[in-house]
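**Student:** Contents of start-v6.cif (mmCIF, C-alpha atoms):
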```cif
data_query
loop_
_atom_site.label_atom_id
_atom_site.label_comp_id
_atom_site.auth_asym_id
_atom_site.auth_seq_id
_atom_site.Cartn_x
_atom_site.Cartn_y
_atom_site.Cartn_z
CA MET N 1 0.00 0.00 0.00
CA VAL N 2 2.81 2.41 0.91
CA VAL N 3 4.61 1.82 -2.40
CA ARG N 4 1.35 2.23 -4.33
CA ALA N 5 0.62 5.47 -2.47
CA LEU N 6 4.15 6.77 -3.06
CA LEU N 7 4.00 5.94 -6.76
CA SER N 8 0.62 7.50 -7.33
CA LEU N 9 0.79 10.55 -5.07
CA THR N 10 4.35 11.85 -4.88
CA PRO N 11 5.37 12.53 -8.52
CA VAL N 12 2.84 15.32 -9.06
CA ALA N 13 3.62 16.91 -5.69
CA LEU N 14 7.35 16.81 -6.43
CA PHE N 15 6.76 18.22 -9.91
CA LEU N 16 4.78 21.11 -8.37
CA ALA N 17 7.52 21.74 -5.81
CA ALA N 18 10.11 21.77 -8.62
CA LEU N 19 8.06 24.26 -10.65
CA TRP N 20 7.70 26.53 -7.63
CA ALA N 21 11.43 26.32 -6.89
CA LEU N 22 12.33 27.09 -10.51
CA ASP N 23 10.49 30.40 -10.43
CA SER N 24 13.29 32.72 -9.43
CA TYR N 25 10.88 35.54 -8.54
CA LYS N 26 8.72 33.33 -6.28
CA LEU N 27 5.62 34.97 -7.70
CA ILE N 28 3.20 32.55 -6.07
CA ARG N 29 3.31 32.75 -2.31
CA PRO N 30 3.00 29.47 -0.37
CA ALA N 31 -0.43 30.47 1.02
CA LEU N 32 -1.86 30.97 -2.48
CA LEU N 33 -0.24 27.74 -3.64
CA ALA N 34 -1.91 25.88 -0.76
CA ARG N 35 -5.26 27.49 -1.60
CA ALA N 36 -4.91 26.42 -5.24
CA VAL N 37 -4.18 22.82 -4.20
CA ALA N 38 -7.19 22.92 -1.84
CA ALA N 39 -9.34 24.26 -4.68
CA GLY N 40 -8.16 21.28 -6.74
CA PHE N 41 -9.36 18.96 -3.93
CA ALA N 42 -12.79 20.60 -4.11
CA VAL N 43 -12.89 20.40 -7.91
CA ALA N 44 -12.13 16.67 -7.73
CA ILE N 45 -14.95 16.08 -5.25
CA VAL N 46 -17.44 18.04 -7.39
CA SER N 47 -16.26 16.15 -10.50
CA TYR N 48 -16.76 12.84 -8.69
CA GLY N 49 -20.34 13.92 -7.95
CA PHE N 50 -20.86 14.70 -11.64
CA ALA N 51 -19.46 11.32 -12.69
CA LYS N 52 -21.80 9.55 -10.26
CA LEU N 53 -24.73 11.58 -11.55
CA PHE N 54 -23.97 10.86 -15.21
CA LEU N 55 -23.45 7.15 -14.64
CA GLY N 56 -26.24 6.73 -12.09
CA ALA N 57 -28.82 8.35 -14.35
CA GLU N 58 -27.37 6.45 -17.31
CA ILE N 59 -26.99 9.67 -19.26
CA VAL N 60 -23.77 8.44 -20.88
CA SER N 61 -21.86 5.19 -20.95
CA ALA N 62 -18.73 4.76 -18.82
CA THR N 63 -16.58 4.88 -21.97
CA SER N 64 -18.15 8.10 -23.28
CA LEU N 65 -17.88 9.65 -19.86
CA SER N 66 -14.19 8.84 -19.63
CA ARG N 67 -13.38 9.81 -23.22
CA TYR N 68 -15.50 12.92 -23.82
CA VAL N 69 -17.66 14.18 -20.96
CA ALA N 70 -15.32 13.95 -17.95
CA PRO N 71 -12.33 15.60 -19.71
CA ALA N 72 -14.62 18.53 -20.59
CA TYR N 73 -16.13 19.22 -17.17
CA GLU N 74 -12.95 18.41 -15.25
CA GLU N 75 -10.90 20.85 -17.33
CA ILE N 76 -13.65 23.49 -17.13
CA PHE N 77 -13.84 23.21 -13.32
CA LYS N 78 -10.06 23.41 -12.95
CA ALA N 79 -10.01 26.35 -15.36
CA LEU N 80 -12.54 28.23 -13.22
CA VAL N 81 -9.95 28.47 -10.44
CA VAL N 82 -7.27 29.67 -12.85
CA VAL N 83 -9.66 32.23 -14.37
CA TRP N 84 -10.55 33.48 -10.89
CA ALA N 85 -6.84 34.00 -10.17
CA ILE N 86 -6.32 35.85 -13.45
CA ARG N 87 -9.40 38.02 -13.07
CA THR N 88 -8.57 38.99 -9.50
CA LYS N 89 -4.99 39.83 -10.58
CA ARG N 90 -3.46 37.15 -8.41
CA VAL N 91 -1.30 36.12 -11.35
CA GLY N 92 0.51 38.54 -13.62
CA PHE N 93 2.69 36.42 -15.89
CA MET N 94 2.66 33.06 -17.65
CA VAL N 95 4.97 31.54 -15.06
CA ASP N 96 2.70 32.14 -12.08
CA ALA N 97 -0.37 31.19 -14.12
CA ALA N 98 1.37 27.89 -14.94
CA ILE N 99 2.32 27.19 -11.32
CA LEU N 100 -1.12 28.07 -10.02
CA GLY N 101 -2.80 25.92 -12.70
CA PHE N 102 -0.49 23.02 -11.95
CA ALA N 103 -1.29 23.37 -8.24
CA VAL N 104 -5.03 23.06 -8.96
CA GLY N 105 -4.32 19.94 -11.05
CA THR N 106 -2.14 18.57 -8.25
CA GLY N 107 -4.99 18.89 -5.76
CA PHE N 108 -7.37 17.27 -8.22
CA ALA N 109 -5.04 14.37 -9.01
CA THR N 110 -4.25 13.78 -5.34
CA VAL N 111 -7.92 13.32 -4.41
CA GLU N 112 -8.55 11.19 -7.50
CA ASN N 113 -5.60 8.91 -6.76
CA ILE N 114 -6.51 8.59 -3.08
CA TYR N 115 -9.96 7.48 -4.24
CA TYR N 116 -8.41 4.88 -6.56
CA LEU N 117 -6.06 3.69 -3.81
CA VAL N 118 -9.09 3.04 -1.63
CA VAL N 119 -11.34 1.35 -4.18
CA VAL N 120 -8.89 -0.43 -6.50
CA GLN N 121 -7.03 -3.36 -4.98
CA GLU N 122 -4.56 -3.75 -7.85
CA SER N 123 -1.06 -4.82 -6.85
CA ASN N 124 0.54 -4.24 -10.28
CA LEU N 125 2.86 -1.32 -9.59
CA ALA N 126 2.86 -0.27 -13.26
CA LEU N 127 -0.76 0.85 -12.86
CA TRP N 128 0.14 3.10 -9.93
CA GLY N 129 3.19 4.39 -11.77
CA VAL N 130 0.96 5.34 -14.70
CA ARG N 131 -1.50 7.04 -12.36
CA GLY N 132 1.26 8.96 -10.58
CA PHE N 133 3.53 9.88 -13.48
CA GLY N 134 0.87 9.91 -16.20
CA THR N 135 -2.65 10.83 -15.16
CA ALA N 136 -1.63 13.05 -12.24
CA ILE N 137 0.95 14.96 -14.29
CA LEU N 138 -1.65 15.27 -17.07
CA HIS N 139 -4.11 16.92 -14.65
CA GLY N 140 -1.49 19.39 -13.46
CA SER N 141 -0.16 20.12 -16.92
CA MET N 142 -3.53 20.70 -18.56
CA ALA N 143 -4.58 23.23 -15.92
CA ALA N 144 -1.14 24.83 -16.29
CA ILE N 145 -1.65 25.08 -20.07
CA VAL N 146 -5.04 26.75 -19.55
CA GLY N 147 -3.31 29.33 -17.35
CA ILE N 148 -0.37 29.85 -19.71
CA VAL N 149 -2.51 30.31 -22.83
CA ALA N 150 -5.08 32.49 -21.03
CA GLN N 151 -2.34 34.72 -19.64
CA ALA N 152 -0.49 34.95 -22.97
CA LEU N 153 -3.62 35.70 -25.00
CA GLY N 154 -4.98 37.98 -22.29
CA GLU N 155 -2.36 40.59 -23.13
CA SER N 156 -4.07 41.25 -26.46
CA ARG N 157 -7.60 39.93 -25.85
CA GLY N 158 -8.25 41.15 -22.29
CA GLN N 159 -7.16 39.36 -19.10
CA GLY N 160 -9.75 36.81 -18.01
CA SER N 161 -11.89 37.30 -21.12
CA LEU N 162 -13.56 34.31 -22.77
CA ARG N 163 -11.56 34.95 -25.95
CA ALA N 164 -8.38 34.52 -23.94
CA ILE N 165 -9.52 31.48 -21.98
CA VAL N 166 -11.33 29.28 -24.51
CA PRO N 167 -8.36 28.35 -26.77
CA GLY N 168 -6.24 26.96 -23.90
CA LEU N 169 -9.25 25.27 -22.36
CA ALA N 170 -10.16 23.64 -25.69
CA LEU N 171 -6.58 22.40 -26.05
CA ALA N 172 -6.63 20.96 -22.52
CA VAL N 173 -9.94 19.16 -23.15
CA VAL N 174 -8.69 17.70 -26.46
CA VAL N 175 -5.38 16.46 -24.99
CA HIS N 176 -7.12 15.06 -21.89
CA SER N 177 -9.70 13.32 -24.08
CA ALA N 178 -6.99 11.91 -26.37
CA TYR N 179 -5.10 10.59 -23.32
CA ASN N 180 -8.27 8.89 -22.05
CA HIS N 181 -8.84 7.22 -25.42
CA VAL N 182 -5.82 5.03 -24.57
CA VAL N 183 -4.64 5.01 -28.18
CA LEU N 184 -1.13 4.29 -26.95
CA ALA N 185 -0.28 1.78 -24.26
CA PRO N 186 -0.57 3.48 -20.83
CA LEU N 187 3.18 3.31 -20.23
CA ALA N 188 3.86 4.81 -23.66
CA SER N 189 1.34 7.63 -23.02
CA THR N 190 3.02 8.33 -19.70
CA ALA N 191 6.45 8.40 -21.33
CA LEU N 192 5.17 10.72 -24.06
CA LEU N 193 3.75 13.05 -21.43
CA LEU N 194 6.97 13.06 -19.43
CA PHE N 195 9.03 13.82 -22.54
CA THR N 196 6.82 16.67 -23.75
CA ILE N 197 5.48 18.51 -20.71
CA PRO N 198 8.72 19.37 -18.82
CA PRO N 199 10.44 20.89 -21.91
CA LEU N 200 7.26 22.83 -22.71
CA LEU N 201 7.05 24.22 -19.18
CA MET N 202 10.78 25.03 -19.24
CA PHE N 203 10.29 27.00 -22.43
CA VAL N 204 7.36 28.87 -20.89
CA PHE N 205 9.35 29.62 -17.74
CA GLN N 206 12.29 31.02 -19.69
CA ARG N 207 10.06 33.13 -21.93
CA SER N 208 7.95 34.39 -19.06
CA GLU N 209 10.97 35.34 -16.94
CA LYS N 210 12.33 37.29 -19.91
CA VAL N 211 9.03 39.15 -20.24
CA LEU N 212 8.93 39.78 -16.48
CA ARG N 213 12.47 41.10 -16.43
CA GLY N 214 11.72 43.39 -19.36
CA TRP N 215 8.58 44.71 -17.69
CA LEU N 216 10.47 45.16 -14.42
CA ASP N 217 13.36 47.05 -15.99
CA VAL N 218 11.25 49.35 -18.16
CA GLY N 219 8.68 49.95 -15.41
CA PHE N 220 11.29 50.64 -12.76
CA GLY N 221 13.02 53.16 -15.04
CA SER N 222 9.75 55.02 -15.68
CA ASP N 223 8.84 54.94 -11.98
CA VAL N 224 12.20 56.37 -10.93
CA GLU N 225 11.95 59.08 -13.58
CA LEU N 226 8.44 59.99 -12.40
CA LEU N 227 9.55 59.99 -8.77
CA GLY N 228 12.45 62.27 -9.71
CA MET N 229 10.04 64.74 -11.30
CA LEU N 230 7.65 64.60 -8.35
CA ARG N 231 10.49 65.15 -5.88
CA SER N 232 12.27 67.86 -7.85
CA GLY N 233 10.52 70.56 -5.80
CA GLU N 234 9.71 72.37 -9.00
CA ILE N 235 6.88 70.24 -10.22
CA ALA N 236 5.20 73.20 -11.95
CA SER N 237 8.02 73.36 -14.50
CA THR N 238 8.04 69.61 -15.21
CA ARG N 239 5.89 68.00 -17.87
CA ILE N 240 3.73 66.52 -15.10
CA GLY N 241 3.09 69.98 -13.68
CA GLN N 242 2.30 71.35 -17.12
CA TYR N 243 -0.06 68.48 -17.78
CA LEU N 244 -1.84 68.85 -14.43
CA ARG N 245 -2.19 72.59 -15.05
CA SER N 246 -3.82 71.83 -18.36
CA LEU N 247 -6.48 69.84 -16.44
CA ARG N 248 -7.34 72.75 -14.13
CA GLY N 249 -10.43 73.79 -16.04
CA ARG N 250 -11.79 70.25 -16.11
CA PHE N 251 -11.43 69.16 -12.47
CA PRO N 252 -12.11 70.93 -9.13
CA GLY N 253 -8.98 71.93 -7.21
CA GLU N 254 -9.36 69.29 -4.49
CA VAL N 255 -9.68 66.53 -7.10
CA LEU N 256 -6.54 67.79 -8.84
CA ALA N 257 -4.75 67.65 -5.48
CA ASP N 258 -5.94 64.07 -5.01
CA MET N 259 -4.72 63.23 -8.51
CA LEU N 260 -1.26 64.44 -7.59
CA CYS N 261 -1.38 62.44 -4.33
CA PHE N 262 -2.55 59.37 -6.27
CA LEU N 263 0.31 59.76 -8.71
CA GLN N 264 2.84 60.06 -5.91
CA LEU N 265 1.53 57.14 -3.87
CA HIS N 266 1.13 54.96 -6.94
CA VAL N 267 4.72 55.50 -8.02
CA GLU N 268 6.01 54.80 -4.50
CA LEU N 269 4.05 51.55 -4.27
CA SER N 270 5.10 50.60 -7.77
CA ILE N 271 8.79 51.03 -6.89
CA LYS N 272 8.23 49.09 -3.69
CA ALA N 273 6.64 46.18 -5.56
CA LYS N 274 9.41 46.07 -8.14
CA GLY N 275 12.01 46.29 -5.36
CA LEU N 276 10.36 43.29 -3.75
CA LEU N 277 10.61 41.36 -7.02
CA LEU N 278 14.28 42.32 -7.40
CA LEU N 279 15.04 41.11 -3.88
CA GLN N 280 13.07 37.88 -4.35
CA GLU N 281 14.94 37.31 -7.61
CA ALA N 282 18.16 37.46 -5.57
CA GLY N 283 16.72 34.98 -3.06
CA LEU N 284 16.21 37.66 -0.40
CA GLU N 285 13.10 38.43 1.58
CA PRO N 286 12.77 42.07 2.68
CA ALA N 287 11.19 42.95 5.99
CA ALA N 288 7.47 43.70 5.78
CA ASP N 289 6.57 47.37 5.68
CA PRO N 290 4.02 47.86 8.48
CA GLN N 291 2.53 50.82 6.63
CA ILE N 292 1.79 49.00 3.42
CA GLY N 293 -1.81 48.13 4.27
CA GLU N 294 -2.53 51.74 5.21
CA ARG N 295 -0.97 53.00 1.97
CA LEU N 296 -2.94 50.60 -0.17
CA ARG N 297 -6.12 51.72 1.57
CA GLU N 298 -5.14 55.34 0.98
CA LEU N 299 -4.57 54.57 -2.70
CA ALA N 300 -8.03 53.01 -2.94
CA ILE N 301 -9.59 56.10 -1.31
CA LEU N 302 -7.73 58.43 -3.68
CA GLN N 303 -8.74 56.27 -6.62
CA LYS N 304 -12.38 56.60 -5.58
CA SER N 305 -12.01 60.33 -5.04
CA ILE N 306 -10.57 61.06 -8.48
CA GLY N 307 -13.05 58.70 -10.16
CA THR N 308 -12.82 57.03 -13.54
CA THR N 309 -12.42 60.34 -15.36
CA GLY N 310 -9.53 61.33 -13.13
CA ARG N 311 -7.85 57.96 -13.66
CA LEU N 312 -8.27 58.30 -17.41
CA ALA N 313 -6.82 61.80 -17.28
CA LEU N 314 -3.77 60.41 -15.45
CA ALA N 315 -3.35 57.56 -17.95
CA PRO N 316 -0.59 59.38 -19.88
CA LEU N 317 1.44 59.62 -16.65
CA VAL N 318 0.69 56.43 -14.77
CA ASN N 319 0.11 52.97 -16.12
CA THR N 320 -2.86 51.33 -14.44
CA GLY N 321 -2.95 48.13 -16.52
CA SER N 322 -3.51 44.64 -15.14
CA ARG N 323 0.17 44.14 -14.21
CA GLU N 324 0.19 47.37 -12.22
CA ILE N 325 -2.84 46.15 -10.27
CA TRP N 326 -1.17 42.74 -9.92
CA GLN N 327 1.98 44.28 -8.42
CA LEU N 328 -0.11 46.06 -5.77
CA ARG N 329 -1.75 42.74 -4.90
CA LEU N 330 1.73 41.23 -4.68
CA LEU N 331 2.68 43.84 -2.08
CA GLU N 332 -0.51 43.16 -0.16
CA SER N 333 0.04 39.40 -0.07
CA HIS N 334 3.71 39.85 0.91
CA ALA N 335 2.74 42.11 3.79
CA ALA N 336 0.03 39.68 4.89
CA ALA N 337 2.44 36.73 4.75
CA ARG N 338 5.12 38.54 6.76
CA SER N 339 2.86 40.09 9.38
CA MET B 340 29.43 55.94 -14.58
CA ASN B 341 32.49 56.75 -12.46
CA PHE B 342 34.00 53.92 -10.43
CA GLU B 343 36.91 54.84 -8.20
CA THR B 344 38.36 52.71 -5.42
CA ARG B 345 40.55 53.53 -2.45
CA GLN B 346 41.59 51.76 0.74
CA GLU B 347 40.58 53.29 4.05
CA SER B 348 40.67 51.81 7.58
CA GLY B 349 40.69 48.25 6.28
CA TRP B 350 37.77 48.87 3.96
CA THR B 351 37.64 49.28 0.20
CA VAL B 352 35.74 52.46 -0.51
CA VAL B 353 34.17 52.46 -3.96
CA ALA B 354 32.93 55.85 -5.11
CA VAL B 355 30.30 55.45 -7.79
CA GLY B 356 29.02 58.52 -9.59
CA GLY B 357 26.80 59.38 -12.52
CA ARG B 358 24.23 56.90 -13.73
CA LEU B 359 24.03 53.27 -12.70
CA ASP B 360 21.72 52.04 -15.42
CA THR B 361 21.30 49.06 -17.75
CA THR B 362 24.42 49.99 -19.74
CA SER B 363 26.76 50.79 -16.85
CA SER B 364 25.54 48.11 -14.43
CA ALA B 365 27.37 45.37 -16.37
CA GLU B 366 30.65 47.22 -15.85
CA PHE B 367 29.84 47.82 -12.19
CA ASP B 368 29.04 44.14 -11.80
CA ARG B 369 32.32 43.08 -13.45
CA ARG B 370 34.44 45.47 -11.42
CA GLY B 371 32.64 44.55 -8.20
CA GLN B 372 33.27 40.86 -8.82
CA GLU B 373 36.93 41.58 -9.59
CA LEU B 374 37.29 43.43 -6.29
CA VAL B 375 35.79 40.57 -4.30
CA ALA B 376 37.87 38.01 -6.20
CA ALA B 377 40.98 40.05 -5.38
CA GLY B 378 40.16 39.80 -1.66
CA SER B 379 38.42 43.14 -1.09
CA THR B 380 35.41 41.77 0.70
CA ARG B 381 34.75 44.69 3.09
CA ILE B 382 33.29 47.29 0.77
CA VAL B 383 31.73 50.68 1.35
CA LEU B 384 29.86 51.98 -1.67
CA ASP B 385 30.02 55.76 -1.66
CA LEU B 386 26.96 56.78 -3.65
CA SER B 387 27.05 60.49 -2.84
CA GLU B 388 27.68 61.35 -6.49
CA LEU B 389 25.19 58.85 -7.91
CA GLU B 390 22.50 60.64 -9.89
CA TYR B 391 20.38 57.73 -11.11
CA VAL B 392 19.94 54.05 -10.33
CA SER B 393 17.87 51.62 -12.40
CA SER B 394 16.70 48.09 -11.58
CA ALA B 395 19.78 46.75 -13.36
CA GLY B 396 21.90 48.95 -11.09
CA LEU B 397 20.15 47.66 -7.97
CA ARG B 398 20.68 44.09 -9.21
CA ALA B 399 24.39 44.75 -9.71
CA VAL B 400 24.73 46.23 -6.19
CA LEU B 401 22.93 43.21 -4.77
CA THR B 402 25.12 40.76 -6.68
CA THR B 403 28.30 42.43 -5.39
CA ALA B 404 26.89 42.47 -1.85
CA LYS B 405 26.07 38.75 -2.05
CA SER B 406 29.53 37.94 -3.39
CA ALA B 407 31.19 39.95 -0.61
CA GLN B 408 29.01 38.23 1.97
CA ALA B 409 29.74 34.79 0.52
CA ALA B 410 33.45 35.56 0.84
CA GLY B 411 32.98 36.41 4.52
CA GLY B 412 32.82 40.17 4.14
CA LYS B 413 30.10 42.77 3.81
CA LEU B 414 28.97 45.65 1.68
CA ALA B 415 27.67 48.89 3.16
CA ILE B 416 26.24 51.89 1.37
CA ALA B 417 27.04 55.46 2.26
CA GLY B 418 26.20 59.00 1.25
CA MET B 419 23.02 58.43 -0.70
CA LYS B 420 20.86 61.46 -1.29
CA GLY B 421 17.85 62.69 -3.21
CA VAL B 422 15.95 60.32 -5.41
CA THR B 423 18.65 57.62 -5.19
CA LYS B 424 18.21 57.49 -1.40
CA GLU B 425 14.48 57.42 -1.80
CA VAL B 426 14.60 54.62 -4.40
CA PHE B 427 16.73 52.47 -2.06
CA SER B 428 14.39 53.19 0.81
CA ILE B 429 11.08 52.71 -1.03
CA SER B 430 12.23 49.52 -2.76
CA GLY B 431 13.23 47.98 0.58
CA PHE B 432 16.91 47.64 -0.31
CA ASP B 433 17.89 49.60 2.79
CA SER B 434 16.38 46.81 4.90
CA ILE B 435 18.76 44.32 3.28
CA LEU B 436 21.91 46.40 2.92
CA PRO B 437 23.30 48.56 5.75
CA THR B 438 23.16 52.24 4.81
CA TYR B 439 24.98 55.19 6.40
CA ALA B 440 24.81 58.94 6.04
CA ASP B 441 28.40 59.22 4.83
CA VAL B 442 31.63 57.25 4.38
CA PRO B 443 33.22 58.17 7.76
CA THR B 444 30.08 56.95 9.58
CA ALA B 445 30.13 53.71 7.60
CA LEU B 446 33.82 53.15 8.37
CA ALA B 447 33.23 53.81 12.08
CA SER B 448 30.37 51.32 12.29
#
```
Mind turning the file's structure into structure tokens?
**Tutor:**
Amino acid sequence: MVVRALLSLTPVALFLAALWALDSYKLIRPALLARAVAAGFAVAIVSYGFAKLFLGAEIVSATSLSRYVAPAYEEIFKALVVVWAIRTKRVGFMVDAAILGFAVGTGFATVENIYYLVVVQESNLALWGVRGFGTAILHGSMAAIVGIVAQALGESRGQGSLRAIVPGLALAVVVHSAYNHVVLAPLASTALLLFTIPPLLMFVFQRSEKVLRGWLDVGFGSDVELLGMLRSGEIASTRIGQYLRSLRGRFPGEVLADMLCFLQLHVELSIKAKGLLLLQEAGLEPAADPQIGERLRELAILQKSIGTTGRLALAPLVNTGSREIWQLRLLESHAAARS
Amino acid sequence: MNFETRQESGWTVVAVGGRLDTTSSAEFDRRGQELVAAGSTRIVLDLSELEYVSSAGLRAVLTTAKSAQAAGGKLAIAGMKGVTKEVFSISGFDSILPTYADVPTALAS
């Protein structure tokens, strides 16, 4: 039993740990990783209920369920967690989307394999090897692919939009369905999976880290330049001052003052978030700033005060895209983890 | 970027001036590594003349600090002012690297 459990449960957990360790920026904090795995547990339990329902009501045969229906709803349920993470800006790059997706799949596969360990009394270790190295890795990888594709397409199609999510989800369903068709011998399918998924994820990691580094370097440069202008003491003569003056007729004075405060606080928090990433990249963990929660709340109040029009007016000066929101969430989760 | 070194009270004082950006950080990194490799592991970075630091510059400082630490020494930063000081402070680098108002204070620490 111990060997069967080790073979079926540990590979996917080790694979997840390796993925997390390979991310030099440690974008996914352990608490979020644990929540994603727990969500995978829940998804597996709900999926089990669906399977029982389909088979009990004789809606589909066991073969059709395994080949077509289960791959669809299982991948959709796992994708819901990934989409939630993307939409709430808990992931900002392909690498963290991949890790989070894989974590959901890990939770799913763990529950599924525990169920099989309980109900299937098969002593052939090859079966448990296939379940651990094949099916479990498949569950993790497919959810990771949904995250990777959704994140990559989201840059042009809108983060969390259906147009960004459907292609990766369709791919995951097709691959999962193909795997369940057992066209190849189970050991051959497992070998194929193990030879294709790690290089694919490696490629994604390298590409994503390059994108992250580029974003970090360009963003940090702009932030420092903006901070320099704000701190010059002669803001009126800078292009920011000239721009804000040009808005005087369109906004009341107190809103203009809040816009300047928003700009200042936003750039400070942006530098702080990027500094955190730089330190994490070097394997260092900075001390938590006790004021971070207060500053984020202040930013939210200022954001409300200046309204959508004010934010749009500031768009030429401050980037408020999904990655900028993501970096603020990163600061928040770091502060929460260290407090 | 200016990079001048001198020995003082058992420390290697490295005065860095100008801009520590993507272009110059590679040179800073190389010269920092050379210093550590040559045995100068107690380093004070005098940044009083530094006008600009980018993320690449911060990375290079961190790499040199880690190398010095790995070799049993340390790297301290002195003399920062203006936006450079603020960038170090806001980004949290001053919680990782010891910072001092000026070089004499750093040497006396």
**Student:** The PyMOL selection byres ((chain B) within 12 of (chain N)) on the file shown: which residues, as JSON, numbers by chain?
**Tutor:** {"B": [358, 359, 360, 361, 390, 391, 392, 393, 394, 395, 396, 397, 398, 399, 400, 401, 402, 403, 404, 405, 406, 420, 421, 422, 423, 424, 425, 426, 427, 428, 429, 430, 431, 432, 433, 434, 435, 436]}
**Student:** Quick one: apply the PyMOL selection byres ((chain N and resi 45) around 12) to the file and drop the selected residues here as a ChimeraX atom specification.
**Tutor:** /N:38-44,46-52,74,77-78,107-115
**Student:** Atom CA of Arg311 of chain N and atom CA of Gly158 of chain N, how far apart in Å?
**Tutor:**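 About the pair atom CA of Gly158 of chain N and atom CA of Arg311 of chain N: they are 18.9 Å apart.
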**Student:** Near Ala336 of chain N, within 12 Å and counting all atoms listed in the file, which residues show up once chain neighbours fewer than 3 positions away are dropped, as a short mmCIF file (atom, residue, chain, number, x, y, z; two decimals) with C-alpha atoms, in the coordinates of the input?
**Tutor:**
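Wrote out28.cif, looks like this:
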```cif
data_model
loop_
_atom_site.label_atom_id
_atom_site.label_comp_id
_atom_site.auth_asym_id
_atom_site.auth_seq_id
_atom_site.Cartn_x
_atom_site.Cartn_y
_atom_site.Cartn_z
CA ARG N 29 3.31 32.75 -2.31
CA PRO N 30 3.00 29.47 -0.37
CA ALA N 31 -0.43 30.47 1.02
CA LEU N 32 -1.86 30.97 -2.48
CA ALA N 287 11.19 42.95 5.99
CA ALA N 288 7.47 43.70 5.78
CA ASP N 289 6.57 47.37 5.68
CA PRO N 290 4.02 47.86 8.48
CA GLN N 291 2.53 50.82 6.63
CA ILE N 292 1.79 49.00 3.42
CA GLY N 293 -1.81 48.13 4.27
CA ARG N 329 -1.75 42.74 -4.90
CA LEU N 330 1.73 41.23 -4.68
CA LEU N 331 2.68 43.84 -2.08
CA GLU N 332 -0.51 43.16 -0.16
CA SER N 333 0.04 39.40 -0.07
CA SER N 339 2.86 40.09 9.38
#
```
**Student:** Which residue, B:Pro437, B:Ser387, B:Glu343, B:Gly349, has the smallest gap to Arg370 of chain B when you use all atoms listed in the file?
**Tutor:**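 Between B:Pro437, B:Ser387, B:Glu343, B:Gly349, the residue approaching Arg370 of chain B most closely is B:Glu343.
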**Student:** How would you write, as a CSV table (one decimal) with C-alpha atoms, keeping the file's coordinate frame, the residues chosen by the PyMOL selection byres ((chain B and resi 445) around 10) on this structure?
**Tutor:**
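Once written, selection-v7.csv looks like this:
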```
chain,number,residue,atom,x,y,z
B,350,TRP,CA,37.8,48.9,4.0
B,352,VAL,CA,35.7,52.5,-0.5
B,382,ILE,CA,33.3,47.3,0.8
B,383,VAL,CA,31.7,50.7,1.4
B,384,LEU,CA,29.9,52.0,-1.7
B,385,ASP,CA,30.0,55.8,-1.7
B,415,ALA,CA,27.7,48.9,3.2
B,416,ILE,CA,26.2,51.9,1.4
B,417,ALA,CA,27.0,55.5,2.3
B,418,GLY,CA,26.2,59.0,1.2
B,437,PRO,CA,23.3,48.6,5.8
B,438,THR,CA,23.2,52.2,4.8
B,439,TYR,CA,25.0,55.2,6.4
B,440,ALA,CA,24.8,58.9,6.0
B,441,ASP,CA,28.4,59.2,4.8
B,442,VAL,CA,31.6,57.2,4.4
B,443,PRO,CA,33.2,58.2,7.8
B,444,THR,CA,30.1,57.0,9.6
B,446,LEU,CA,33.8,53.2,8.4
B,447,ALA,CA,33.2,53.8,12.1
B,448,SER,CA,30.4,51.3,12.3
```
**Student:** Compile the contact shell of Gly411 of chain B as a VMD selection string: residues with an atom at most 8 Å away, counting only C-alpha atoms, same-chain residues fewer than 3 positions apart removed.
**Tutor:** chain B and resid 380 407 to 408
**Student:** Go ahead and compute the interatomic distance for atom CA of Ala18 of chain N and atom CA of Leu201 of chain N, in Å to one decimal.
**Tutor:**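 Those two atoms sit 11.3 Å apart.
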